[in-house]
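> There's a structure below that I have some questions on.
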Amino acid sequence: MILKVLPSTLSGDNVWAPPSKSIMQRALALATFAEGTTMLRRPSESDDCTQAMMMSAQLGATLELGDDAVAIHGVARPAPRTDTLTPGESGLGARTFGTLAALHNQPLALEREGTLAARSFQGWATALRACGAMVDGQEPGQSLSVQGPLQPGAYELDANGTSQVITGLLCSLPLLEDDSKLTLHNVVSTPYMEMTLEMMEDFGLQVDAHQVEDSRTWVLNIPGHQRAKAVDMTVDGDWSGAAFLLGLGLLCAPHSLTIEGLASSVTQADEAIKGALLFSGCRLAGVDDGIQVFAGKPKAFQVDLTDCPDPFPPLAAMAVFAKKPSTLKGLHRLGNKESNRGLAIQEEWAKLGVKVELDETNDTLRVHPAKPQSGRIDPRGDHRMAMAAAILGAAGAPVEIVNAECVAKSYPAFFDDLESLGVSIQVVAK
């Protein structure tokens, strides 16, 4: 599907943030082996969460889907109903549920699809092997499989690649018979690890975690022989999705836009978008269960996104309309996403006449302000690239977005929400 997003002035002043897929996937993982029935209210309908529900069931849990809730009846130990897990295109789902699968002593294949098939799982495979599991096929295009059982013990790991590896281990190691200790070096995306730790506490799992002073080293002491307790929770709104709505409100609202549903009951890395906007001179206001952004033009963005790389696409879109060039740090975190996002931003923005510089030496991406030309953007199957392209179209010149349906990975209602706010969108014949 090709959609054309036209320059628009918003007619609506209020929208709900989509439910967080990061929170829901973690909740599903913890609920799979929890004692009792977990209720997740206002669940995410994203493709990633649909696949996570399937994997929970594939590992033995029983799920019931209601109108606006999901019930998960946990099992004490993995009881796979199949020899294959289906993460689809979800990196977090594959690494988290793939690690849970390593609690079992039989091999399970991970059936990667689309952009996930082109992503490396080397860091995840290295970590699991260190903890006693076997992993085959970690390179792009290979058939990926895992076989346990994981072993309790003291492990020293390099966590430079992704926090998703740590999330999988944190959800799994408490279920082993004996205690474990993780010493993690070069930890990135610390807020995502903190989200996992906070949610483990909500589910009644104990972990003693502390950061070595003035370093990226963490020590996690994880008691064994634990079992999570079921919870009843409402899934918070997603700051990752809200970032694109904030961009639309900033650039296209006649006065302001309020985004609701952002309860922030657990840490979300992408809430850092607020700081980037404020430092750039944008006006924000907190409201009950949400945030209000006032229309304006940013000065420029100078922000380090090493620990929260997902805001790169929305900020790189907003930076096109800034008064001066913007510099986003953390470029090295973009290579193993749904696309190589740094290169994708540079090449796709160039189609609209926007100059983007990639500086690997200084680990930065620099966007030069411009008046965008009309053109066609290929998001390369990357949901965040497609949503960022919509900002460029709504705030600049008409932009056609190829494979626009890829937004379903995290925010299926994105274009519906844009239309409800008054953004002009047309379907283009191929």
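Labels used: A, B, ... for chains in the order of the structure tokens, numbers from 1 for residues in each chain, and numbers from 1 for ligands as shown.
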Give me the residues within 10 Å of Phe279 of chain A as a list in words, counting only C-alpha atoms and dropping any in the same chain fewer than 6 places off.
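Surrounding residues, per the criterion: Pro298, Lys299, Ala300, Phe301, Gln302 and Val303 of chain A.
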> Keeping C-alpha atoms, export the residues of the selection given above as an mmCIF file, in the first residue's frame.

```cif
data_model
loop_
_atom_site.group_PDB
_atom_site.id
_atom_site.type_symbol
_atom_site.label_atom_id
_atom_site.label_comp_id
_atom_site.auth_asym_id
_atom_site.auth_seq_id
_atom_site.Cartn_x
_atom_site.Cartn_y
_atom_site.Cartn_z
ATOM 1 C CA PRO A 298 12.361 24.159 17.117
ATOM 2 C CA LYS A 299 15.704 25.913 17.333
ATOM 3 C CA ALA A 300 17.714 22.707 16.875
ATOM 4 C CA PHE A 301 18.205 19.341 18.563
ATOM 5 C CA GLN A 302 21.495 18.538 20.295
ATOM 6 C CA VAL A 303 20.837 15.263 22.084
#
```
> Excluding segment 215-221 of chain A and any residue of its chain fewer than 6 positions from it, enumerate the residues within 6 Å of it, using only C-alpha atoms, and give them as an MDAnalysis selection string.
chainID A and resid 181:187 207:209
> Which residues, written as an mmCIF file with C-alpha atoms, in the first residue's frame, have at least one atom at most 7 Å from Thr96 of chain A, with only C-alpha atoms counted and residues fewer than 6 positions away on the same chain left out?

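around.cif written:
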```cif
data_model
loop_
_atom_site.group_PDB
_atom_site.id
_atom_site.type_symbol
_atom_site.label_atom_id
_atom_site.label_comp_id
_atom_site.auth_asym_id
_atom_site.auth_seq_id
_atom_site.Cartn_x
_atom_site.Cartn_y
_atom_site.Cartn_z
ATOM 1 C CA GLN A 164 16.933 -7.107 24.742
ATOM 2 C CA THR A 167 15.591 -8.642 29.275
ATOM 3 C CA GLY A 168 15.423 -12.273 28.144
#
```
> Select, from A:Leu176, A:Ala344, A:Ala319, A:Ala269, the residue with the minimum atom-to-atom distance to Arg77 of chain A, counting only C-alpha atoms.
A:Leu176
> With only C-alpha atoms as the counted atoms, please give the residues lying no more than 8 Å from segment 20-31 of chain A, apart from itself and same-chain residues fewer than 4 positions off, as a PyMOL selection string.
chain A and resi 35+37-38+40+43-44+46+48-49+52-53+56+72-74+92-93+96-97+100+171+195-196+199-200+203+228-230+235-240+410
> If you keep C-alpha atoms, can you produce a file of those selected residues as an mmCIF file, in the first residue's frame?

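File written: out.cif
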```cif
data_model
loop_
_atom_site.group_PDB
_atom_site.id
_atom_site.type_symbol
_atom_site.label_atom_id
_atom_site.label_comp_id
_atom_site.auth_asym_id
_atom_site.auth_seq_id
_atom_site.Cartn_x
_atom_site.Cartn_y
_atom_site.Cartn_z
ATOM 1 C CA GLU A 35 1.269 -18.359 39.126
ATOM 2 C CA THR A 37 -4.067 -15.425 35.774
ATOM 3 C CA THR A 38 -2.573 -12.140 34.587
ATOM 4 C CA LEU A 40 -3.565 -7.014 30.652
ATOM 5 C CA PRO A 43 -3.530 -4.256 25.261
ATOM 6 C CA SER A 44 -1.436 -3.326 22.251
ATOM 7 C CA SER A 46 0.600 -4.232 17.253
ATOM 8 C CA ASP A 48 4.870 -7.504 17.661
ATOM 9 C CA CYS A 49 2.443 -8.067 20.541
ATOM 10 C CA ALA A 52 4.316 -12.331 21.605
ATOM 11 C CA MET A 53 0.892 -13.685 22.551
ATOM 12 C CA SER A 56 3.399 -17.289 25.127
ATOM 13 C CA ILE A 72 -2.867 -15.163 30.499
ATOM 14 C CA HIS A 73 -3.040 -18.366 32.557
ATOM 15 C CA GLY A 74 0.583 -19.156 33.334
ATOM 16 C CA LEU A 92 12.505 -8.063 21.484
ATOM 17 C CA GLY A 93 10.063 -10.960 21.133
ATOM 18 C CA THR A 96 12.980 -12.615 25.152
ATOM 19 C CA PHE A 97 10.827 -15.625 24.306
ATOM 20 C CA LEU A 100 12.515 -18.414 27.875
ATOM 21 C CA CYS A 171 12.841 -13.018 32.757
ATOM 22 C CA MET A 195 11.721 -1.106 32.726
ATOM 23 C CA THR A 196 12.285 -4.878 32.901
ATOM 24 C CA MET A 199 8.049 -4.969 35.890
ATOM 25 C CA MET A 200 9.747 -7.978 37.511
ATOM 26 C CA PHE A 203 5.306 -9.568 39.254
ATOM 27 C CA ALA A 228 6.220 -14.736 39.261
ATOM 28 C CA LYS A 229 2.790 -13.873 40.655
ATOM 29 C CA ALA A 230 -0.008 -12.848 38.304
ATOM 30 C CA VAL A 235 -0.740 -1.134 29.601
ATOM 31 C CA ASP A 236 0.693 2.377 29.589
ATOM 32 C CA GLY A 237 0.702 4.470 26.455
ATOM 33 C CA ASP A 238 3.827 4.244 24.328
ATOM 34 C CA TRP A 239 6.271 7.161 24.343
ATOM 35 C CA SER A 240 7.862 5.743 21.183
ATOM 36 C CA SER A 410 4.104 -1.032 16.597
#
```
> Select, from A:Leu150, A:Met39, A:Leu331, A:Val70, the residue with the minimum atom-to-atom distance to Asp232 of chain A, counting only C-alpha atoms.
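Smallest separation from Asp232 of chain A among the options: A:Met39.
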> With DSSP run on the backbone, what are the strand (DSSP E) residues within segment 141-221 of chain A? I'd like them as a PyMOL selection string.
chain A and resi 144-147+154-158+180-185+208-211+218-221
> My list of candidates is A:Val293, A:Tyr192, A:Glu348, A:Asp378. Which is closest to His255 of chain A when distances are computed with only C-alpha atoms?
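Checking each candidate against His255 of chain A, we get A:Val293 as the closest.
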> Near segment 116-128 of chain A, within 10 Å and counting only C-alpha atoms, which residues show up once chain neighbours fewer than 2 positions away are dropped, as a count of residues only?
57
> So that I can see what lies close to Glu260 of chain A, please list as a VMD selection string the residues with an atom at most 9 Å from it, counting only C-alpha atoms and leaving out residues fewer than 4 positions away in the same chain.
chain A and resid 14 to 17 237 287 to 292
> Suppose we keep all heavy atoms; can you now write the selection as a PDB file, in the first residue's frame?

```
ATOM      1  N   ASN A  14      -6.701  16.499  20.257  1.00  0.00           N
ATOM      2  CA  ASN A  14      -6.570  15.484  21.290  1.00  0.00           C
ATOM      3  C   ASN A  14      -6.449  14.109  20.646  1.00  0.00           C
ATOM      4  O   ASN A  14      -7.179  13.795  19.705  1.00  0.00           O
ATOM      5  CB  ASN A  14      -7.800  15.550  22.216  1.00  0.00           C
ATOM      6  CG  ASN A  14      -7.726  14.541  23.339  1.00  0.00           C
ATOM      7  OD1 ASN A  14      -8.032  13.377  23.140  1.00  0.00           O
ATOM      8  ND2 ASN A  14      -7.357  14.985  24.516  1.00  0.00           N
ATOM      9  N   VAL A  15      -5.524  13.279  21.144  1.00  0.00           N
ATOM     10  CA  VAL A  15      -5.358  11.927  20.607  1.00  0.00           C
ATOM     11  C   VAL A  15      -4.774  11.044  21.701  1.00  0.00           C
ATOM     12  O   VAL A  15      -4.043  11.524  22.575  1.00  0.00           O
ATOM     13  CB  VAL A  15      -4.437  11.935  19.359  1.00  0.00           C
ATOM     14  CG1 VAL A  15      -3.032  12.374  19.707  1.00  0.00           C
ATOM     15  CG2 VAL A  15      -4.430  10.591  18.668  1.00  0.00           C
ATOM     16  N   TRP A  16      -5.120   9.758  21.668  1.00  0.00           N
ATOM     17  CA  TRP A  16      -4.565   8.806  22.628  1.00  0.00           C
ATOM     18  C   TRP A  16      -3.287   8.191  22.078  1.00  0.00           C
ATOM     19  O   TRP A  16      -3.218   7.816  20.898  1.00  0.00           O
ATOM     20  CB  TRP A  16      -5.568   7.693  22.916  1.00  0.00           C
ATOM     21  CG  TRP A  16      -6.576   8.080  23.955  1.00  0.00           C
ATOM     22  CD1 TRP A  16      -7.692   8.852  23.775  1.00  0.00           C
ATOM     23  CD2 TRP A  16      -6.554   7.735  25.339  1.00  0.00           C
ATOM     24  NE1 TRP A  16      -8.365   9.007  24.964  1.00  0.00           N
ATOM     25  CE2 TRP A  16      -7.688   8.328  25.942  1.00  0.00           C
ATOM     26  CE3 TRP A  16      -5.680   6.982  26.123  1.00  0.00           C
ATOM     27  CZ2 TRP A  16      -7.971   8.182  27.296  1.00  0.00           C
ATOM     28  CZ3 TRP A  16      -5.966   6.841  27.477  1.00  0.00           C
ATOM     29  CH2 TRP A  16      -7.090   7.439  28.050  1.00  0.00           C
ATOM     30  N   ALA A  17      -2.274   8.076  22.931  1.00  0.00           N
ATOM     31  CA  ALA A  17      -1.055   7.357  22.547  1.00  0.00           C
ATOM     32  C   ALA A  17      -1.387   5.875  22.421  1.00  0.00           C
ATOM     33  O   ALA A  17      -2.219   5.345  23.154  1.00  0.00           O
ATOM     34  CB  ALA A  17       0.023   7.558  23.605  1.00  0.00           C
ATOM     35  N   GLY A 237       0.477   3.979  27.805  1.00  0.00           N
ATOM     36  CA  GLY A 237       0.702   4.470  26.455  1.00  0.00           C
ATOM     37  C   GLY A 237       2.182   4.475  26.117  1.00  0.00           C
ATOM     38  O   GLY A 237       3.047   4.522  26.996  1.00  0.00           O
ATOM     39  N   VAL A 287      -0.346  17.289  31.473  1.00  0.00           N
ATOM     40  CA  VAL A 287      -1.775  17.249  31.757  1.00  0.00           C
ATOM     41  C   VAL A 287      -2.075  15.903  32.402  1.00  0.00           C
ATOM     42  O   VAL A 287      -1.223  15.018  32.460  1.00  0.00           O
ATOM     43  CB  VAL A 287      -2.612  17.421  30.467  1.00  0.00           C
ATOM     44  CG1 VAL A 287      -2.347  18.774  29.841  1.00  0.00           C
ATOM     45  CG2 VAL A 287      -2.303  16.317  29.466  1.00  0.00           C
ATOM     46  N   ASP A 288      -3.294  15.732  32.938  1.00  0.00           N
ATOM     47  CA  ASP A 288      -3.647  14.470  33.567  1.00  0.00           C
ATOM     48  C   ASP A 288      -3.442  13.324  32.588  1.00  0.00           C
ATOM     49  O   ASP A 288      -4.056  13.292  31.518  1.00  0.00           O
ATOM     50  CB  ASP A 288      -5.109  14.489  34.038  1.00  0.00           C
ATOM     51  CG  ASP A 288      -5.331  15.415  35.227  1.00  0.00           C
ATOM     52  OD1 ASP A 288      -4.321  15.780  35.862  1.00  0.00           O
ATOM     53  OD2 ASP A 288      -6.489  15.781  35.487  1.00  0.00           O
ATOM     54  N   ASP A 289      -2.544  12.402  32.958  1.00  0.00           N
ATOM     55  CA  ASP A 289      -2.328  11.188  32.169  1.00  0.00           C
ATOM     56  C   ASP A 289      -1.898  11.496  30.741  1.00  0.00           C
ATOM     57  O   ASP A 289      -2.297  10.818  29.796  1.00  0.00           O
ATOM     58  CB  ASP A 289      -3.606  10.342  32.161  1.00  0.00           C
ATOM     59  CG  ASP A 289      -3.349   8.897  31.765  1.00  0.00           C
ATOM     60  OD1 ASP A 289      -2.203   8.450  31.910  1.00  0.00           O
ATOM     61  OD2 ASP A 289      -4.286   8.235  31.300  1.00  0.00           O
ATOM     62  N   GLY A 290      -1.079  12.561  30.569  1.00  0.00           N
ATOM     63  CA  GLY A 290      -0.652  12.864  29.202  1.00  0.00           C
ATOM     64  C   GLY A 290       0.253  14.070  29.131  1.00  0.00           C
ATOM     65  O   GLY A 290       0.800  14.541  30.129  1.00  0.00           O
ATOM     66  N   ILE A 291       0.399  14.603  27.906  1.00  0.00           N
ATOM     67  CA  ILE A 291       1.272  15.743  27.664  1.00  0.00           C
ATOM     68  C   ILE A 291       0.681  16.601  26.556  1.00  0.00           C
ATOM     69  O   ILE A 291       0.037  16.092  25.628  1.00  0.00           O
ATOM     70  CB  ILE A 291       2.698  15.273  27.291  1.00  0.00           C
ATOM     71  CG1 ILE A 291       3.679  16.435  27.275  1.00  0.00           C
ATOM     72  CG2 ILE A 291       2.699  14.533  25.957  1.00  0.00           C
ATOM     73  CD1 ILE A 291       5.121  16.001  27.173  1.00  0.00           C
ATOM     74  N   GLN A 292       0.892  17.901  26.651  1.00  0.00           N
ATOM     75  CA  GLN A 292       0.414  18.855  25.652  1.00  0.00           C
ATOM     76  C   GLN A 292       1.620  19.527  25.003  1.00  0.00           C
ATOM     77  O   GLN A 292       2.536  19.986  25.684  1.00  0.00           O
ATOM     78  CB  GLN A 292      -0.476  19.904  26.311  1.00  0.00           C
ATOM     79  CG  GLN A 292      -1.089  20.916  25.351  1.00  0.00           C
ATOM     80  CD  GLN A 292      -1.974  21.927  26.080  1.00  0.00           C
ATOM     81  OE1 GLN A 292      -1.809  22.165  27.280  1.00  0.00           O
ATOM     82  NE2 GLN A 292      -2.916  22.526  25.363  1.00  0.00           N
TER      83      GLN A 292
END
```
> If you count only C-alpha atoms, which residues fall within 10 Å of segment 392-400 of chain A, apart from same-chain ones fewer than 4 positions away, as a PyMOL selection string?
chain A and resi 2-10+247-253+314+316-318+320-321+349+352+370-378+386-388+404+418+422-428
> In Å, rounded to a single decimal, give me how far atom CA of Thr86 of chain A is from atom CA of Ala34 of chain A.
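Spanning atom CA of Ala34 of chain A to atom CA of Thr86 of chain A is a straight-line distance of 21.1 Å.
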> Taking the DSSP secondary structure from the backbone, can you list the residues of segment 123-164 of chain A that are alpha helix (DSSP H), as an MDAnalysis selection string?
chainID A and resid 123:130 163:164
> Pull N, CA, C and O atoms from the residues just selected and write them as a CSV table (one decimal), in the first residue's frame.

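The new file again.csv reads:
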```csv
chain,number,residue,atom,x,y,z
A,123,GLY,N,25.1,-11.3,19.4
A,123,GLY,CA,25.2,-10.9,20.8
A,123,GLY,C,24.3,-11.8,21.7
A,123,GLY,O,24.7,-12.2,22.7
A,124,TRP,N,23.1,-12.1,21.2
A,124,TRP,CA,22.2,-12.9,22.0
A,124,TRP,C,22.7,-14.3,22.0
A,124,TRP,O,22.7,-15.0,23.1
A,125,ALA,N,23.2,-14.9,20.9
A,125,ALA,CA,23.7,-16.2,20.9
A,125,ALA,C,24.9,-16.4,21.8
A,125,ALA,O,25.0,-17.3,22.6
A,126,THR,N,25.8,-15.4,21.8
A,126,THR,CA,27.0,-15.4,22.7
A,126,THR,C,26.6,-15.5,24.1
A,126,THR,O,27.1,-16.2,24.9
A,127,ALA,N,25.6,-14.6,24.5
A,127,ALA,CA,25.2,-14.6,25.9
A,127,ALA,C,24.5,-15.9,26.3
A,127,ALA,O,24.8,-16.4,27.4
A,128,LEU,N,23.7,-16.5,25.5
A,128,LEU,CA,23.0,-17.7,25.9
A,128,LEU,C,24.0,-18.9,26.0
A,128,LEU,O,23.9,-19.7,26.9
A,129,ARG,N,24.9,-18.9,25.0
A,129,ARG,CA,25.9,-20.0,25.1
A,129,ARG,C,26.7,-19.9,26.4
A,129,ARG,O,27.1,-20.9,27.0
A,130,ALA,N,27.1,-18.6,26.8
A,130,ALA,CA,27.8,-18.4,28.1
A,130,ALA,C,27.0,-19.0,29.3
A,130,ALA,O,27.6,-19.4,30.3
A,163,SER,N,19.9,-4.2,24.9
A,163,SER,CA,19.4,-4.5,26.2
A,163,SER,C,18.4,-5.7,26.1
A,163,SER,O,18.0,-6.3,27.1
A,164,GLN,N,17.9,-6.0,24.9
A,164,GLN,CA,16.9,-7.1,24.7
A,164,GLN,C,17.5,-8.4,25.2
A,164,GLN,O,16.8,-9.3,25.7
```
> Could you jot down the atom CA of Asp179 of chain A to atom CA of Gln206 of chain A separation for me, Å, one decimal place?
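Result for atom CA of Asp179 of chain A versus atom CA of Gln206 of chain A: 11.1 Å, one decimal.
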> What is the atom CA of Ile391 of chain A-atom CA of Leu284 of chain A distance in Å, reported with one decimal?
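Distance between the two atoms: 18.5 Å.
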